[in-house]
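Asker: Here it is: the structure, laid out below.
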Amino acid sequence: MTRHWTALLAAAATVVRLAAGDAQQGERLLSRRYVDGERVRYLMKAENDGSTYEVRITATTRKTSDGRFVEEFAWSDMVANGAPRALAEASQAFRLVVTLEGGAPFEMPDLSKAPGLIGPVTDLLTFYSDLFLAMHQGALRRAGDRLYFPSPTTASWADGAVVVLGEDHVDFDITLTAVDTASHVATLVIKHVPPPAPKVRLPADWMRAPVAETSNNFVQVRKTPTGFAASVAKETFDVTLNVDISDGKILSARMTNPVTMVTRTCSDAALTQCGDARATPTLRRIELSQLRE
């Protein structure tokens with residue numbers, strides 16, 4: 001699924017560029033206030049259909065040559081399925097650069113330089129994409145304020161060699177659910193939901209039947225030694241962010257990513273000569289927490 005997450009992040013980067021309305025600073029509840037040289041440490045934990053990982057992340061703020069502040073993330077202390085896993089030298093040297101100032105939150109990183117870290121990197125970028133959009137699109141100020149952004153972008157991860165078709169389409173439904181002025185914490189819930197009419201290509205008639213209560217917004221067709229494995233699904237992401245009102249830092253984050261999916265084994269490229277549909281659901285859970293050290 002690596003290409004899938006990479007494509008979704010590329011689409012998210014495009015969306016936030018298009019969506020960033022840059023509400024006036026005085027209208028915002030949430031705005032990132034950087035301090036040059038500041039360090040923040042996080043622990044990320046994840047479960048993916050029974051497999052687990054955790055990794056420590058260190059963010060260092062620096063000022064770039066064009067005057068913008070960025071956070072530069074480094075990775076260490078990887079644990080996979082309960083056992084320590086040494087990171088490759090390339091992964092130890094890998095740095096992810098993200099900003100919550102204007103423009104765009106990030107440029108898509110070269111994930112080939114982060115072996116063993118693709119999941120943690122793309123999950124972190126999902127959190128920052130959501131927070132960037134919440135900060136810059138409109139003005140969420142009070143508990144209950146809501147922003148719905150219909151995404152114009154369909155993500156594609158087809159490579160033509162193995163994955164001949166791979167597309168996903170989600171909208172952003174953002175709600176400021178709580179503002180605790182005493183503890184200076186705001187809580188955001190960001191739902192990545194199927195659009196009313198998802199713009200994914202469904203080449204076979206059987207793919208049009210909803211697998212859940214909404215239109216299908218995920219499709220993937222992979223080549224196999226005997227033909228094709230064709231899947232169609234409803235995919236959603238539910239993200240919760242707790243953010244420090246005083247400086248805009250992420251304090252903690254959670255993501256639940258269920259995929260309600262069916263798959264058929266087909267012998268023809270038109271996907272008409274297929275076996276019975278079998279349920280192939282997936283579920284991912286990610287947690288990010290700031291470490292006080």
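Ordering of the structure tokens sets the chain letters (A, B, ...), residue numbers begin anew at 1 in every chain, and ligands are numbered from 1 in the order given.
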Using only C-alpha atoms, determine which residues lie at most 9 Å from segment 210-216 of chain A, disregarding the query and same-chain residues fewer than 3 positions distant; provide the list as a list in words.
Answerer: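 The residues that qualify are Pro194, Pro195, Pro196, Ala197, Pro198, Val200, Met207, Val219, Val232, Ala233, Lys234, Glu235, Thr260, Met261 and Val262 of chain A.
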Asker: At a cut-off of 10 Å, using only C-alpha atoms, what residues contact Val162 of chain A? Leave out same-chain residues fewer than 4 positions from it and give the result as a VMD selection string.
Answerer: chain A and resid 158 221 to 224 228
Asker: Selected residues, C-alpha atoms, written as a CSV table (one decimal), in the first residue's frame, please.
Answerer:
```
chain,number,residue,atom,x,y,z
A,158,ALA,CA,-1.1,3.2,-10.5
A,221,VAL,CA,-6.6,-3.4,-9.9
A,222,ARG,CA,-3.4,-5.4,-9.5
A,223,LYS,CA,-1.8,-7.8,-11.9
A,224,THR,CA,-1.4,-11.4,-10.7
A,228,PHE,CA,-6.0,-9.6,-11.9
```
Asker: Can you work out which one of A:Phe127, A:Glu38, A:Gly67, A:Thr58 has the shortest atom-to-atom distance to Phe94 of chain A, counting only C-alpha atoms?
Answerer: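 For Phe94 of chain A, the nearest of the candidates is A:Thr58.
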Asker: Would you kindly return, as a VMD selection string, each protein, DNA or RNA residue with an atom no farther than 10 Å from any atom of Lys249 of chain A, considering only C-alpha atoms and excluding same-chain residues fewer than 3 positions away?
Answerer: chain A and resid 30 to 34 40 100 131 185 242 to 246 252 290
Asker: For the residues in that selection, give me N, CA and C atoms as a PDB file, in the first residue's frame.
Answerer:
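Resulting contents of result_22.pdb:
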```
ATOM      1  N   LEU A  30      -6.106  29.267  15.807  1.00  0.00           N
ATOM      2  CA  LEU A  30      -4.911  28.431  15.706  1.00  0.00           C
ATOM      3  C   LEU A  30      -3.918  29.043  14.728  1.00  0.00           C
ATOM      4  N   SER A  31      -2.710  29.240  15.196  1.00  0.00           N
ATOM      5  CA  SER A  31      -1.646  29.756  14.350  1.00  0.00           C
ATOM      6  C   SER A  31      -0.321  29.279  14.936  1.00  0.00           C
ATOM      7  N   ARG A  32       0.573  28.812  14.086  1.00  0.00           N
ATOM      8  CA  ARG A  32       1.854  28.291  14.569  1.00  0.00           C
ATOM      9  C   ARG A  32       2.824  29.432  14.818  1.00  0.00           C
ATOM     10  N   ARG A  33       3.362  29.470  16.016  1.00  0.00           N
ATOM     11  CA  ARG A  33       4.345  30.485  16.401  1.00  0.00           C
ATOM     12  C   ARG A  33       5.671  29.773  16.691  1.00  0.00           C
ATOM     13  N   TYR A  34       6.603  29.929  15.798  1.00  0.00           N
ATOM     14  CA  TYR A  34       7.860  29.196  15.877  1.00  0.00           C
ATOM     15  C   TYR A  34       8.899  29.939  16.710  1.00  0.00           C
ATOM     16  N   VAL A  40      11.076  19.652  19.785  1.00  0.00           N
ATOM     17  CA  VAL A  40       9.904  18.969  20.329  1.00  0.00           C
ATOM     18  C   VAL A  40      10.049  17.494  19.984  1.00  0.00           C
ATOM     19  N   LEU A 100       3.939  25.083   9.036  1.00  0.00           N
ATOM     20  CA  LEU A 100       2.538  25.470   9.176  1.00  0.00           C
ATOM     21  C   LEU A 100       2.352  26.945   8.865  1.00  0.00           C
ATOM     22  N   LEU A 131      -3.863  19.770   9.840  1.00  0.00           N
ATOM     23  CA  LEU A 131      -3.744  20.955  10.678  1.00  0.00           C
ATOM     24  C   LEU A 131      -3.505  22.201   9.821  1.00  0.00           C
ATOM     25  N   VAL A 185      -5.817  24.271  25.113  1.00  0.00           N
ATOM     26  CA  VAL A 185      -5.873  23.152  24.174  1.00  0.00           C
ATOM     27  C   VAL A 185      -7.140  23.251  23.330  1.00  0.00           C
ATOM     28  N   ASN A 242      -5.119  17.329  19.022  1.00  0.00           N
ATOM     29  CA  ASN A 242      -5.105  18.243  20.162  1.00  0.00           C
ATOM     30  C   ASN A 242      -3.949  19.210  19.964  1.00  0.00           C
ATOM     31  N   VAL A 243      -4.283  20.500  19.935  1.00  0.00           N
ATOM     32  CA  VAL A 243      -3.325  21.532  19.526  1.00  0.00           C
ATOM     33  C   VAL A 243      -3.192  22.574  20.630  1.00  0.00           C
ATOM     34  N   ASP A 244      -1.955  22.997  20.890  1.00  0.00           N
ATOM     35  CA  ASP A 244      -1.691  24.055  21.871  1.00  0.00           C
ATOM     36  C   ASP A 244      -2.093  25.396  21.268  1.00  0.00           C
ATOM     37  N   ILE A 245      -3.073  26.059  21.885  1.00  0.00           N
ATOM     38  CA  ILE A 245      -3.554  27.336  21.358  1.00  0.00           C
ATOM     39  C   ILE A 245      -2.464  28.403  21.400  1.00  0.00           C
ATOM     40  N   SER A 246      -1.580  28.316  22.387  1.00  0.00           N
ATOM     41  CA  SER A 246      -0.607  29.387  22.580  1.00  0.00           C
ATOM     42  C   SER A 246       0.438  29.443  21.475  1.00  0.00           C
ATOM     43  N   SER A 252      -1.036  16.039  20.654  1.00  0.00           N
ATOM     44  CA  SER A 252      -1.280  14.624  20.413  1.00  0.00           C
ATOM     45  C   SER A 252      -2.188  14.492  19.202  1.00  0.00           C
ATOM     46  N   GLN A 290       3.171  13.948  22.321  1.00  0.00           N
ATOM     47  CA  GLN A 290       4.356  14.746  22.618  1.00  0.00           C
ATOM     48  C   GLN A 290       4.991  14.227  23.895  1.00  0.00           C
TER      49      GLN A 290
END
```
Asker: Write down as a tab-separated table (two decimals) with C-alpha atoms, in the first residue's frame the residues belonging to segment 8-249 of chain A that are assigned alpha helix (DSSP H) by DSSP computed on the backbone.
Answerer:
```tsv
chain	number	residue	atom	x	y	z
A	8	LEU	CA	-2.84	10.38	-1.01
A	9	LEU	CA	-0.19	12.65	0.45
A	10	ALA	CA	0.59	14.14	-2.95
A	11	ALA	CA	-3.13	14.83	-3.39
A	12	ALA	CA	-3.32	16.34	0.11
A	13	ALA	CA	-0.41	18.65	-0.66
A	14	THR	CA	-2.22	19.83	-3.79
A	15	VAL	CA	-5.47	20.31	-1.90
A	16	VAL	CA	-3.98	22.48	0.82
A	17	ARG	CA	-2.28	24.66	-1.79
A	18	LEU	CA	-5.63	25.15	-3.50
A	19	ALA	CA	-7.58	25.58	-0.27
A	89	GLU	CA	21.90	4.71	7.76
A	90	ALA	CA	19.81	6.46	5.09
A	91	SER	CA	16.81	6.50	7.43
A	92	GLN	CA	18.88	7.83	10.32
A	93	ALA	CA	20.04	10.66	8.06
A	118	ILE	CA	7.45	5.17	4.87
A	119	GLY	CA	4.45	4.49	7.12
A	120	PRO	CA	5.60	6.82	9.93
A	121	VAL	CA	6.53	9.58	7.47
A	122	THR	CA	3.28	9.52	5.52
A	123	ASP	CA	1.18	9.27	8.68
A	124	LEU	CA	2.94	12.31	10.16
A	125	LEU	CA	2.35	14.23	6.93
A	126	THR	CA	-1.35	13.38	7.11
A	127	PHE	CA	-1.57	15.04	10.54
A	128	TYR	CA	0.25	18.15	9.32
A	129	SER	CA	-1.81	18.39	6.13
A	130	ASP	CA	-5.00	18.37	8.19
A	131	LEU	CA	-3.74	20.95	10.68
A	132	PHE	CA	-2.47	23.21	7.89
A	133	LEU	CA	-5.87	23.17	6.21
A	134	ALA	CA	-7.66	23.84	9.51
A	135	MET	CA	-5.37	26.80	10.21
A	136	HIS	CA	-5.47	28.43	6.79
```
